[in-house]
file my_file.cif (mmCIF, N, CA and C atoms)
data_start
#
loop_
_atom_site.label_atom_id
_atom_site.label_comp_id
_atom_site.auth_asym_id
_atom_site.auth_seq_id
_atom_site.Cartn_x
_atom_site.Cartn_y
_atom_site.Cartn_z
N MET A 246 22.91 39.36 8.38
CA MET A 246 22.70 38.10 9.06
C MET A 246 22.26 38.35 10.50
N SER A 247 21.41 37.50 10.96
CA SER A 247 20.91 37.65 12.32
C SER A 247 21.20 36.39 13.13
N GLU A 248 20.92 36.52 14.41
CA GLU A 248 21.08 35.40 15.34
C GLU A 248 20.25 34.20 14.88
N ALA A 249 19.09 34.46 14.31
CA ALA A 249 18.20 33.40 13.85
C ALA A 249 18.86 32.54 12.76
N ASP A 250 19.82 33.10 12.02
CA ASP A 250 20.51 32.34 10.98
C ASP A 250 21.36 31.20 11.55
N LEU A 251 21.70 31.31 12.82
CA LEU A 251 22.49 30.26 13.46
C LEU A 251 21.62 29.11 13.95
N TYR A 252 20.33 29.37 14.10
CA TYR A 252 19.44 28.37 14.68
C TYR A 252 19.41 27.06 13.89
N GLU A 253 19.19 27.13 12.58
CA GLU A 253 19.07 25.92 11.77
C GLU A 253 20.30 25.02 11.82
N PRO A 254 21.52 25.56 11.62
CA PRO A 254 22.68 24.66 11.70
C PRO A 254 22.87 24.05 13.08
N VAL A 255 22.61 24.82 14.13
CA VAL A 255 22.75 24.28 15.49
C VAL A 255 21.68 23.23 15.74
N LYS A 256 20.47 23.49 15.26
CA LYS A 256 19.38 22.52 15.41
C LYS A 256 19.73 21.21 14.71
N ARG A 257 20.19 21.28 13.47
CA ARG A 257 20.59 20.06 12.73
C ARG A 257 21.68 19.31 13.47
N PHE A 258 22.65 20.04 13.99
CA PHE A 258 23.76 19.43 14.72
C PHE A 258 23.24 18.65 15.93
N LEU A 259 22.37 19.27 16.72
CA LEU A 259 21.85 18.62 17.92
C LEU A 259 20.90 17.47 17.57
N GLU A 260 20.08 17.64 16.55
CA GLU A 260 19.20 16.56 16.12
C GLU A 260 20.00 15.36 15.65
N GLY A 261 21.15 15.61 15.04
CA GLY A 261 22.04 14.53 14.61
C GLY A 261 22.58 13.72 15.78
N GLN A 262 22.51 14.29 16.97
CA GLN A 262 22.95 13.59 18.18
C GLN A 262 21.78 13.02 18.97
N GLY A 263 20.59 13.04 18.35
CA GLY A 263 19.43 12.41 18.97
C GLY A 263 18.60 13.29 19.88
N TYR A 264 18.79 14.59 19.81
CA TYR A 264 18.02 15.51 20.64
C TYR A 264 16.76 15.99 19.90
N ALA A 265 15.71 16.25 20.67
CA ALA A 265 14.55 17.00 20.17
C ALA A 265 14.88 18.46 20.45
N VAL A 266 14.76 19.32 19.45
CA VAL A 266 15.25 20.70 19.56
C VAL A 266 14.13 21.69 19.26
N LYS A 267 14.06 22.73 20.08
CA LYS A 267 13.13 23.84 19.86
C LYS A 267 13.82 25.14 20.19
N GLY A 268 13.39 26.20 19.51
CA GLY A 268 13.99 27.50 19.71
C GLY A 268 13.10 28.44 20.50
N GLU A 269 13.76 29.45 21.09
CA GLU A 269 13.08 30.50 21.84
C GLU A 269 12.13 29.95 22.89
N ILE A 270 12.64 29.10 23.75
CA ILE A 270 11.88 28.58 24.87
C ILE A 270 12.25 29.42 26.09
N GLY A 271 11.28 30.14 26.64
CA GLY A 271 11.57 31.07 27.73
C GLY A 271 12.59 32.08 27.24
N ALA A 272 13.62 32.29 28.03
CA ALA A 272 14.67 33.24 27.65
C ALA A 272 15.80 32.58 26.87
N CYS A 273 15.69 31.28 26.61
CA CYS A 273 16.77 30.53 25.96
C CYS A 273 16.60 30.54 24.44
N ASP A 274 17.73 30.69 23.74
CA ASP A 274 17.69 30.67 22.27
C ASP A 274 17.36 29.28 21.74
N VAL A 275 18.01 28.25 22.29
CA VAL A 275 17.81 26.87 21.83
C VAL A 275 17.77 25.96 23.06
N VAL A 276 16.79 25.06 23.06
CA VAL A 276 16.71 24.05 24.11
C VAL A 276 16.62 22.69 23.42
N ALA A 277 17.47 21.77 23.84
CA ALA A 277 17.49 20.42 23.28
C ALA A 277 17.30 19.42 24.41
N VAL A 278 16.44 18.41 24.15
CA VAL A 278 16.13 17.42 25.19
C VAL A 278 16.31 16.02 24.61
N ARG A 279 16.91 15.17 25.43
CA ARG A 279 17.05 13.76 25.09
C ARG A 279 16.63 12.97 26.32
N GLU A 280 15.95 11.86 26.10
CA GLU A 280 15.38 11.02 27.16
C GLU A 280 16.35 10.79 28.31
N GLY A 281 15.91 11.13 29.52
CA GLY A 281 16.68 10.83 30.71
C GLY A 281 17.88 11.72 30.97
N GLU A 282 18.02 12.81 30.23
CA GLU A 282 19.16 13.71 30.40
C GLU A 282 18.66 15.12 30.70
N PRO A 283 19.50 15.92 31.36
CA PRO A 283 19.10 17.32 31.58
C PRO A 283 19.04 18.06 30.25
N PRO A 284 18.29 19.15 30.18
CA PRO A 284 18.21 19.89 28.92
C PRO A 284 19.55 20.52 28.56
N VAL A 285 19.79 20.61 27.26
CA VAL A 285 20.96 21.31 26.74
C VAL A 285 20.46 22.68 26.27
N ILE A 286 21.12 23.72 26.72
CA ILE A 286 20.74 25.08 26.34
C ILE A 286 21.86 25.68 25.52
N VAL A 287 21.51 26.32 24.41
CA VAL A 287 22.50 26.98 23.57
C VAL A 287 22.10 28.43 23.39
N GLU A 288 23.02 29.33 23.69
CA GLU A 288 22.82 30.75 23.46
C GLU A 288 23.56 31.14 22.19
N LEU A 289 22.87 31.84 21.31
CA LEU A 289 23.39 32.17 19.98
C LEU A 289 23.67 33.66 19.85
N LYS A 290 24.78 33.98 19.20
CA LYS A 290 25.08 35.36 18.82
C LYS A 290 25.92 35.30 17.54
N GLN A 291 25.84 36.35 16.75
CA GLN A 291 26.64 36.39 15.54
C GLN A 291 28.13 36.50 15.85
N ARG A 292 28.45 37.14 16.97
CA ARG A 292 29.85 37.33 17.36
C ARG A 292 30.05 36.93 18.81
N LEU A 293 31.27 36.63 19.15
CA LEU A 293 31.64 36.35 20.53
C LEU A 293 31.64 37.68 21.28
N THR A 294 30.75 37.79 22.27
CA THR A 294 30.65 39.03 23.04
C THR A 294 30.53 38.72 24.53
N LEU A 295 30.77 39.73 25.32
CA LEU A 295 30.57 39.59 26.75
C LEU A 295 29.10 39.30 27.04
N GLY A 296 28.20 39.93 26.30
CA GLY A 296 26.77 39.68 26.47
C GLY A 296 26.41 38.22 26.29
N LEU A 297 27.03 37.56 25.31
CA LEU A 297 26.79 36.13 25.08
C LEU A 297 27.24 35.31 26.28
N LEU A 298 28.40 35.61 26.81
CA LEU A 298 28.91 34.89 27.99
C LEU A 298 28.01 35.12 29.20
N LEU A 299 27.56 36.35 29.39
CA LEU A 299 26.69 36.66 30.53
C LEU A 299 25.35 35.93 30.43
N GLN A 300 24.79 35.87 29.22
CA GLN A 300 23.54 35.12 29.02
C GLN A 300 23.74 33.66 29.37
N ALA A 301 24.83 33.09 28.90
CA ALA A 301 25.09 31.67 29.13
C ALA A 301 25.29 31.39 30.62
N VAL A 302 26.00 32.24 31.32
CA VAL A 302 26.20 32.05 32.75
C VAL A 302 24.86 32.10 33.46
N ASP A 303 23.98 32.98 33.03
CA ASP A 303 22.65 33.07 33.62
C ASP A 303 21.87 31.76 33.42
N ARG A 304 22.06 31.11 32.29
CA ARG A 304 21.34 29.86 31.99
C ARG A 304 21.84 28.69 32.83
N LEU A 305 23.01 28.82 33.43
CA LEU A 305 23.54 27.75 34.28
C LEU A 305 22.65 27.50 35.50
N THR A 306 21.75 28.43 35.80
CA THR A 306 20.81 28.20 36.90
C THR A 306 19.72 27.23 36.50
N VAL A 307 19.57 26.98 35.19
CA VAL A 307 18.55 26.08 34.67
C VAL A 307 19.11 24.69 34.35
N SER A 308 20.34 24.67 33.84
CA SER A 308 20.96 23.41 33.41
C SER A 308 22.47 23.52 33.50
N ASP A 309 23.12 22.39 33.73
CA ASP A 309 24.59 22.38 33.71
C ASP A 309 25.13 22.24 32.30
N ALA A 310 24.27 21.91 31.34
CA ALA A 310 24.68 21.71 29.95
C ALA A 310 24.33 22.95 29.13
N VAL A 311 25.18 23.97 29.22
CA VAL A 311 24.95 25.23 28.53
C VAL A 311 26.11 25.49 27.57
N TYR A 312 25.77 25.82 26.33
CA TYR A 312 26.75 26.14 25.29
C TYR A 312 26.57 27.57 24.82
N ILE A 313 27.65 28.16 24.35
CA ILE A 313 27.56 29.37 23.56
C ILE A 313 27.88 28.97 22.13
N ALA A 314 27.24 29.64 21.18
CA ALA A 314 27.51 29.37 19.76
C ALA A 314 27.58 30.70 19.03
N PHE A 315 28.56 30.84 18.16
CA PHE A 315 28.71 32.07 17.39
C PHE A 315 29.35 31.75 16.05
N ARG A 316 29.22 32.69 15.13
CA ARG A 316 29.72 32.55 13.77
C ARG A 316 31.22 32.81 13.75
N VAL A 317 31.95 32.00 12.99
CA VAL A 317 33.39 32.21 12.80
C VAL A 317 33.67 32.23 11.30
N GLY A 318 34.83 32.72 10.96
CA GLY A 318 35.25 32.76 9.57
C GLY A 318 35.76 34.13 9.21
N LYS A 319 36.11 34.29 7.98
CA LYS A 319 36.67 35.55 7.51
C LYS A 319 35.71 36.71 7.80
N GLY A 320 36.24 37.74 8.45
CA GLY A 320 35.44 38.91 8.77
C GLY A 320 34.54 38.73 9.99
N ARG A 321 34.66 37.59 10.66
CA ARG A 321 33.81 37.31 11.83
C ARG A 321 34.68 37.00 13.04
N SER A 322 34.24 37.41 14.18
CA SER A 322 34.84 37.05 15.47
C SER A 322 36.37 37.10 15.48
N GLY A 323 36.89 38.29 15.19
CA GLY A 323 38.33 38.48 15.26
C GLY A 323 38.86 38.16 16.65
N SER A 324 38.04 38.46 17.67
CA SER A 324 38.48 38.17 19.03
C SER A 324 38.63 36.67 19.24
N TRP A 325 37.84 35.86 18.53
CA TRP A 325 37.96 34.40 18.63
C TRP A 325 39.30 33.94 18.05
N ARG A 326 39.64 34.43 16.89
CA ARG A 326 40.90 34.01 16.26
C ARG A 326 42.10 34.43 17.10
N LYS A 327 42.06 35.63 17.64
CA LYS A 327 43.20 36.15 18.37
C LYS A 327 43.33 35.56 19.77
N LYS A 328 42.20 35.23 20.37
CA LYS A 328 42.24 34.83 21.77
C LYS A 328 41.56 33.50 22.03
N ARG A 329 41.66 32.61 21.08
CA ARG A 329 40.97 31.32 21.19
C ARG A 329 41.30 30.57 22.48
N LYS A 330 42.58 30.44 22.79
CA LYS A 330 42.98 29.69 23.99
C LYS A 330 42.43 30.34 25.25
N GLN A 331 42.48 31.65 25.32
CA GLN A 331 41.96 32.36 26.49
C GLN A 331 40.45 32.19 26.60
N VAL A 332 39.75 32.25 25.47
CA VAL A 332 38.29 32.08 25.48
C VAL A 332 37.94 30.66 25.91
N GLU A 333 38.65 29.68 25.42
CA GLU A 333 38.41 28.29 25.82
C GLU A 333 38.64 28.13 27.32
N ARG A 334 39.72 28.72 27.83
CA ARG A 334 40.02 28.64 29.25
C ARG A 334 38.91 29.29 30.08
N LEU A 335 38.42 30.44 29.63
CA LEU A 335 37.34 31.13 30.34
C LEU A 335 36.07 30.29 30.34
N CYS A 336 35.71 29.74 29.19
CA CYS A 336 34.51 28.90 29.11
C CYS A 336 34.65 27.68 30.02
N ARG A 337 35.83 27.09 30.03
CA ARG A 337 36.08 25.93 30.89
C ARG A 337 35.87 26.31 32.36
N ARG A 338 36.39 27.47 32.75
CA ARG A 338 36.25 27.92 34.14
C ARG A 338 34.80 28.23 34.50
N LEU A 339 34.06 28.70 33.53
CA LEU A 339 32.65 29.03 33.77
C LEU A 339 31.75 27.80 33.68
N GLY A 340 32.30 26.70 33.16
CA GLY A 340 31.51 25.48 33.01
C GLY A 340 30.64 25.50 31.76
N LEU A 341 31.03 26.30 30.76
CA LEU A 341 30.25 26.44 29.53
C LEU A 341 30.85 25.61 28.40
N GLY A 342 29.97 25.14 27.52
CA GLY A 342 30.40 24.50 26.29
C GLY A 342 30.53 25.55 25.20
N LEU A 343 31.18 25.19 24.11
CA LEU A 343 31.45 26.14 23.05
C LEU A 343 31.25 25.49 21.68
N LEU A 344 30.41 26.10 20.86
CA LEU A 344 30.18 25.66 19.48
C LEU A 344 30.50 26.82 18.55
N THR A 345 31.14 26.51 17.44
CA THR A 345 31.33 27.54 16.42
C THR A 345 30.54 27.14 15.17
N VAL A 346 30.08 28.15 14.44
CA VAL A 346 29.30 27.92 13.21
C VAL A 346 30.04 28.62 12.08
N SER A 347 30.43 27.85 11.06
CA SER A 347 31.18 28.41 9.95
C SER A 347 30.25 29.13 8.98
N LYS A 348 30.86 29.82 8.06
CA LYS A 348 30.12 30.54 7.01
C LYS A 348 29.24 29.57 6.21
N LEU A 349 29.69 28.31 6.11
CA LEU A 349 28.95 27.28 5.37
C LEU A 349 28.01 26.51 6.30
N ASP A 350 27.73 27.06 7.48
CA ASP A 350 26.81 26.47 8.46
C ASP A 350 27.28 25.14 9.05
N ARG A 351 28.57 24.93 9.07
CA ARG A 351 29.13 23.74 9.72
C ARG A 351 29.35 24.04 11.19
N VAL A 352 28.78 23.22 12.06
CA VAL A 352 28.91 23.41 13.50
C VAL A 352 30.08 22.56 14.01
N VAL A 353 30.97 23.20 14.75
CA VAL A 353 32.12 22.50 15.32
C VAL A 353 32.04 22.59 16.84
N PRO A 354 31.95 21.45 17.52
CA PRO A 354 31.98 21.47 18.98
C PRO A 354 33.42 21.65 19.46
N VAL A 355 33.71 22.78 20.04
CA VAL A 355 35.05 23.10 20.49
C VAL A 355 35.28 22.61 21.92
N LEU A 356 34.24 22.75 22.75
CA LEU A 356 34.38 22.45 24.17
C LEU A 356 33.03 22.02 24.73
N ASP A 357 33.02 20.94 25.50
CA ASP A 357 31.79 20.50 26.16
C ASP A 357 31.75 21.09 27.56
N PRO A 358 30.55 21.38 28.06
CA PRO A 358 30.47 21.93 29.42
C PRO A 358 30.85 20.88 30.46
N ALA A 359 31.54 21.32 31.49
CA ALA A 359 31.96 20.42 32.57
C ALA A 359 32.26 21.27 33.79
N PRO A 360 32.11 20.70 34.97
CA PRO A 360 32.47 21.45 36.17
C PRO A 360 33.96 21.79 36.14
N TYR A 361 34.28 22.98 36.61
CA TYR A 361 35.67 23.43 36.60
C TYR A 361 36.42 22.90 37.81
N ARG A 362 37.53 22.26 37.54
CA ARG A 362 38.42 21.78 38.60
C ARG A 362 39.84 22.26 38.26
N PRO A 363 40.23 23.39 38.82
CA PRO A 363 41.54 23.94 38.45
C PRO A 363 42.69 23.05 38.92
N ARG A 364 43.69 22.95 38.09
CA ARG A 364 44.92 22.25 38.48
C ARG A 364 45.82 23.29 39.12
N LYS A 365 46.36 22.96 40.24
CA LYS A 365 47.24 23.89 40.95
C LYS A 365 48.62 23.85 40.31
N ASN A 366 49.19 25.03 40.13
CA ASN A 366 50.53 25.16 39.59
C ASN A 366 51.47 25.38 40.77
N THR A 367 52.06 24.30 41.24
CA THR A 367 52.90 24.37 42.44
C THR A 367 54.14 25.25 42.22
N GLU A 368 54.67 25.27 41.02
CA GLU A 368 55.84 26.11 40.74
C GLU A 368 55.48 27.59 40.89
N ARG A 369 54.35 28.00 40.31
CA ARG A 369 53.92 29.40 40.43
C ARG A 369 53.63 29.76 41.88
N ARG A 370 53.03 28.83 42.61
CA ARG A 370 52.74 29.07 44.03
C ARG A 370 54.05 29.26 44.80
N SER A 371 55.04 28.42 44.53
CA SER A 371 56.34 28.53 45.22
C SER A 371 57.00 29.86 44.92
N ARG A 372 56.98 30.30 43.66
CA ARG A 372 57.56 31.60 43.31
C ARG A 372 56.85 32.73 44.02
N LEU A 373 55.52 32.66 44.07
CA LEU A 373 54.72 33.69 44.74
C LEU A 373 55.09 33.78 46.22
N LEU A 374 55.14 32.63 46.88
CA LEU A 374 55.47 32.62 48.31
C LEU A 374 56.91 33.03 48.57
N ARG A 375 57.82 32.66 47.67
CA ARG A 375 59.23 33.05 47.80
C ARG A 375 59.36 34.57 47.68
N GLU A 376 58.69 35.15 46.69
CA GLU A 376 58.74 36.61 46.53
C GLU A 376 58.11 37.31 47.74
N PHE A 377 57.03 36.76 48.25
CA PHE A 377 56.38 37.33 49.43
C PHE A 377 57.33 37.34 50.61
N ALA A 378 58.04 36.23 50.83
CA ALA A 378 58.96 36.11 51.95
C ALA A 378 60.16 37.05 51.78
N GLU A 379 60.62 37.25 50.55
CA GLU A 379 61.80 38.08 50.30
C GLU A 379 61.49 39.57 50.31
N ARG A 380 60.26 39.93 50.09
CA ARG A 380 59.89 41.34 50.01
C ARG A 380 59.97 41.98 51.38
N VAL A 381 60.59 43.16 51.42
CA VAL A 381 60.71 43.91 52.67
C VAL A 381 59.71 45.06 52.62
N GLY A 382 58.90 45.18 53.64
CA GLY A 382 57.92 46.26 53.69
C GLY A 382 56.69 45.93 52.86
N ASP A 383 55.87 46.94 52.69
CA ASP A 383 54.62 46.78 51.94
C ASP A 383 54.50 47.97 50.97
N PRO A 384 55.09 47.83 49.76
CA PRO A 384 55.14 48.97 48.84
C PRO A 384 53.75 49.42 48.40
#

call {"tool": "encode", "arguments": {"input": "my_file.cif", "output": "structure tokens"}}
result
Amino acid sequence: MSEADLYEPVKRFLEGQGYAVKGEIGACDVVAVREGEPPVIVELKQRLTLGLLLQAVDRLTVSDAVYIAFRVGKGRSGSWRKKRKQVERLCRRLGLGLLTVSKLDRVVPVLDPAPYRPRKNTERRSRLLREFAERVGDP
């Protein structure tokens, strides 16, 4: 299976939402356009990799609506199954959207791209400052 195998299900998914979709536009795997909206860019890979994330971050210079999409299911993306919450948190912080494609070519939107606004954890901050104040010297 290749990256190109993900194109058709992602294209159908986006067309179902009213987008005009084309593949391999410039350096982007998928570009989707809808009247009066910024382009949606989707980077495709068979597996969740650092390379996929780096490509998507690079595309943020073109559009704020950037997704990563990869295959999931038995024998695929073990890192996704094991670290789903962490991956979602990372994508949220990077401002990336996340789509998964099942073995049966079903596309699931896991996360939409949005600007990152971290919530401050005042309890953790208090513990950090308390430990700082209590520490003697600089080990």

call {"tool": "atom_distance", "arguments": {"input": "my_file.cif", "atom1": "atom C of A:Thr306", "atom2": "atom CA of A:Thr345"}}
result
23.2 Å

call {"tool": "resolve_selection", "arguments": {"input": "my_file.cif", "expression": "the PyMOL selection byres ((chain A and resi 279) around 8)", "output": "PyMOL selection string"}}
result
chain A and resi 262-266+276-278+280-285

call {"tool": "closest_atom_pairs", "arguments": {"input": "my_file.cif", "of": "stretch 271-366 of chain A", "to": "stretch 249-256 of chain A", "cutoff": "8 Å", "atoms": "only N, CA and C atoms", "output": "tab-separated table"}}
result
residue	atom	partner	partner_atom	distance
A:Asp274	C	A:Tyr252	CA	7.4
A:Val275	CA	A:Tyr252	CA	7.5
A:Leu289	CA	A:Leu251	CA	6.9
A:Lys290	N	A:Leu251	CA	7.2
A:Gln291	N	A:Ala249	N	7.4
A:Ala314	C	A:Leu251	CA	7.6
A:Phe315	C	A:Leu251	CA	7.5
A:Arg316	N	A:Leu251	CA	7.3
A:Val346	CA	A:Leu251	CA	7.2
A:Leu349	C	A:Pro254	CA	7.8
A:Asp350	C	A:Pro254	CA	5.3
A:Arg351	N	A:Pro254	CA	6.5
A:Val352	N	A:Pro254	C	6.1

call {"tool": "atom_distance", "arguments": {"input": "my_file.cif", "atom1": "atom CA of A:Arg334", "atom2": "atom CA of A:Asp309"}}
result
17.2 Å

call {"tool": "residues_near_point", "arguments": {"input": "my_file.cif", "point": "(31.6, 24.3, 28.0)", "cutoff": "12 Å", "atoms": "only C-alpha atoms", "output": "PyMOL selection string"}}
result
chain A and resi 285-288+298+301-302+305+308-314+332-344+354-361

call {"tool": "atom_distance", "arguments": {"input": "my_file.cif", "atom1": "atom CA of A:Phe258", "atom2": "atom N of A:Ala272"}}
result
21.1 Å

call {"tool": "select_by_dssp", "arguments": {"input": "my_file.cif", "residues": "stretch 258-337 of chain A", "states": "strand (DSSP E)", "output": "list in words"}}
result
Ala265, Val266, Lys267, Gly268, Glu269, Ile270, Cys273, Asp274, Val275, Val276, Ala277, Val278, Val285, Ile286, Val287, Glu288, Leu289, Lys290, Ala310, Val311, Tyr312, Ile313, Ala314, Phe315 and Arg316 of chain A

call {"tool": "write_last_selection", "arguments": {"input": "my_file.cif", "atoms": "N, CA and C atoms", "output": "PDB file, in the coordinates of the input"}}
result
ATOM      1  N   ALA A 265      15.710  16.250  20.670  1.00  0.00           N
ATOM      2  CA  ALA A 265      14.550  17.000  20.170  1.00  0.00           C
ATOM      3  C   ALA A 265      14.880  18.460  20.450  1.00  0.00           C
ATOM      4  N   VAL A 266      14.760  19.320  19.450  1.00  0.00           N
ATOM      5  CA  VAL A 266      15.250  20.700  19.560  1.00  0.00           C
ATOM      6  C   VAL A 266      14.130  21.690  19.260  1.00  0.00           C
ATOM      7  N   LYS A 267      14.060  22.730  20.080  1.00  0.00           N
ATOM      8  CA  LYS A 267      13.130  23.840  19.860  1.00  0.00           C
ATOM      9  C   LYS A 267      13.820  25.140  20.190  1.00  0.00           C
ATOM     10  N   GLY A 268      13.390  26.200  19.510  1.00  0.00           N
ATOM     11  CA  GLY A 268      13.990  27.500  19.710  1.00  0.00           C
ATOM     12  C   GLY A 268      13.100  28.440  20.500  1.00  0.00           C
ATOM     13  N   GLU A 269      13.760  29.450  21.090  1.00  0.00           N
ATOM     14  CA  GLU A 269      13.080  30.500  21.840  1.00  0.00           C
ATOM     15  C   GLU A 269      12.130  29.950  22.890  1.00  0.00           C
ATOM     16  N   ILE A 270      12.640  29.100  23.750  1.00  0.00           N
ATOM     17  CA  ILE A 270      11.880  28.580  24.870  1.00  0.00           C
ATOM     18  C   ILE A 270      12.250  29.420  26.090  1.00  0.00           C
ATOM     19  N   CYS A 273      15.690  31.280  26.610  1.00  0.00           N
ATOM     20  CA  CYS A 273      16.770  30.530  25.960  1.00  0.00           C
ATOM     21  C   CYS A 273      16.600  30.540  24.440  1.00  0.00           C
ATOM     22  N   ASP A 274      17.730  30.690  23.740  1.00  0.00           N
ATOM     23  CA  ASP A 274      17.690  30.670  22.270  1.00  0.00           C
ATOM     24  C   ASP A 274      17.360  29.280  21.740  1.00  0.00           C
ATOM     25  N   VAL A 275      18.010  28.250  22.290  1.00  0.00           N
ATOM     26  CA  VAL A 275      17.810  26.870  21.830  1.00  0.00           C
ATOM     27  C   VAL A 275      17.770  25.960  23.060  1.00  0.00           C
ATOM     28  N   VAL A 276      16.790  25.060  23.060  1.00  0.00           N
ATOM     29  CA  VAL A 276      16.710  24.050  24.110  1.00  0.00           C
ATOM     30  C   VAL A 276      16.620  22.690  23.420  1.00  0.00           C
ATOM     31  N   ALA A 277      17.470  21.770  23.840  1.00  0.00           N
ATOM     32  CA  ALA A 277      17.490  20.420  23.280  1.00  0.00           C
ATOM     33  C   ALA A 277      17.300  19.420  24.410  1.00  0.00           C
ATOM     34  N   VAL A 278      16.440  18.410  24.150  1.00  0.00           N
ATOM     35  CA  VAL A 278      16.130  17.420  25.190  1.00  0.00           C
ATOM     36  C   VAL A 278      16.310  16.020  24.610  1.00  0.00           C
ATOM     37  N   VAL A 285      19.790  20.610  27.260  1.00  0.00           N
ATOM     38  CA  VAL A 285      20.960  21.310  26.740  1.00  0.00           C
ATOM     39  C   VAL A 285      20.460  22.680  26.270  1.00  0.00           C
ATOM     40  N   ILE A 286      21.120  23.720  26.720  1.00  0.00           N
ATOM     41  CA  ILE A 286      20.740  25.080  26.340  1.00  0.00           C
ATOM     42  C   ILE A 286      21.860  25.680  25.520  1.00  0.00           C
ATOM     43  N   VAL A 287      21.510  26.320  24.410  1.00  0.00           N
ATOM     44  CA  VAL A 287      22.500  26.980  23.570  1.00  0.00           C
ATOM     45  C   VAL A 287      22.100  28.430  23.390  1.00  0.00           C
ATOM     46  N   GLU A 288      23.020  29.330  23.690  1.00  0.00           N
ATOM     47  CA  GLU A 288      22.820  30.750  23.460  1.00  0.00           C
ATOM     48  C   GLU A 288      23.560  31.140  22.190  1.00  0.00           C
ATOM     49  N   LEU A 289      22.870  31.840  21.310  1.00  0.00           N
ATOM     50  CA  LEU A 289      23.390  32.170  19.980  1.00  0.00           C
ATOM     51  C   LEU A 289      23.670  33.660  19.850  1.00  0.00           C
ATOM     52  N   LYS A 290      24.780  33.980  19.200  1.00  0.00           N
ATOM     53  CA  LYS A 290      25.080  35.360  18.820  1.00  0.00           C
ATOM     54  C   LYS A 290      25.920  35.300  17.540  1.00  0.00           C
ATOM     55  N   ALA A 310      24.270  21.910  31.340  1.00  0.00           N
ATOM     56  CA  ALA A 310      24.680  21.710  29.950  1.00  0.00           C
ATOM     57  C   ALA A 310      24.330  22.950  29.130  1.00  0.00           C
ATOM     58  N   VAL A 311      25.180  23.970  29.220  1.00  0.00           N
ATOM     59  CA  VAL A 311      24.950  25.230  28.530  1.00  0.00           C
ATOM     60  C   VAL A 311      26.110  25.490  27.570  1.00  0.00           C
ATOM     61  N   TYR A 312      25.770  25.820  26.330  1.00  0.00           N
ATOM     62  CA  TYR A 312      26.750  26.140  25.290  1.00  0.00           C
ATOM     63  C   TYR A 312      26.570  27.570  24.820  1.00  0.00           C
ATOM     64  N   ILE A 313      27.650  28.160  24.350  1.00  0.00           N
ATOM     65  CA  ILE A 313      27.560  29.370  23.560  1.00  0.00           C
ATOM     66  C   ILE A 313      27.880  28.970  22.130  1.00  0.00           C
ATOM     67  N   ALA A 314      27.240  29.640  21.180  1.00  0.00           N
ATOM     68  CA  ALA A 314      27.510  29.370  19.760  1.00  0.00           C
ATOM     69  C   ALA A 314      27.580  30.700  19.030  1.00  0.00           C
ATOM     70  N   PHE A 315      28.560  30.840  18.160  1.00  0.00           N
ATOM     71  CA  PHE A 315      28.710  32.070  17.390  1.00  0.00           C
ATOM     72  C   PHE A 315      29.350  31.750  16.050  1.00  0.00           C
ATOM     73  N   ARG A 316      29.220  32.690  15.130  1.00  0.00           N
ATOM     74  CA  ARG A 316      29.720  32.550  13.770  1.00  0.00           C
ATOM     75  C   ARG A 316      31.220  32.810  13.750  1.00  0.00           C
TER      76      ARG A 316
END

call {"tool": "select_by_dssp", "arguments": {"input": "my_file.cif", "residues": "stretch 269-338 of chain A", "states": "alpha helix (DSSP H)", "output": "list in words"}}
result
Leu295, Gly296, Leu297, Leu298, Leu299, Gln300, Ala301, Val302, Asp303, Arg304, Gly323, Ser324, Trp325, Arg326, Lys327, Lys328, Arg329, Lys330, Gln331, Val332, Glu333, Arg334, Leu335, Cys336, Arg337 and Arg338 of chain A

call {"tool": "closest_residue", "arguments": {"input": "my_file.cif", "among": "A:Val317, A:Cys273, A:Lys330, A:Leu374", "to": "A:Arg304", "atoms": "only C-alpha atoms"}}
result
A:Cys273
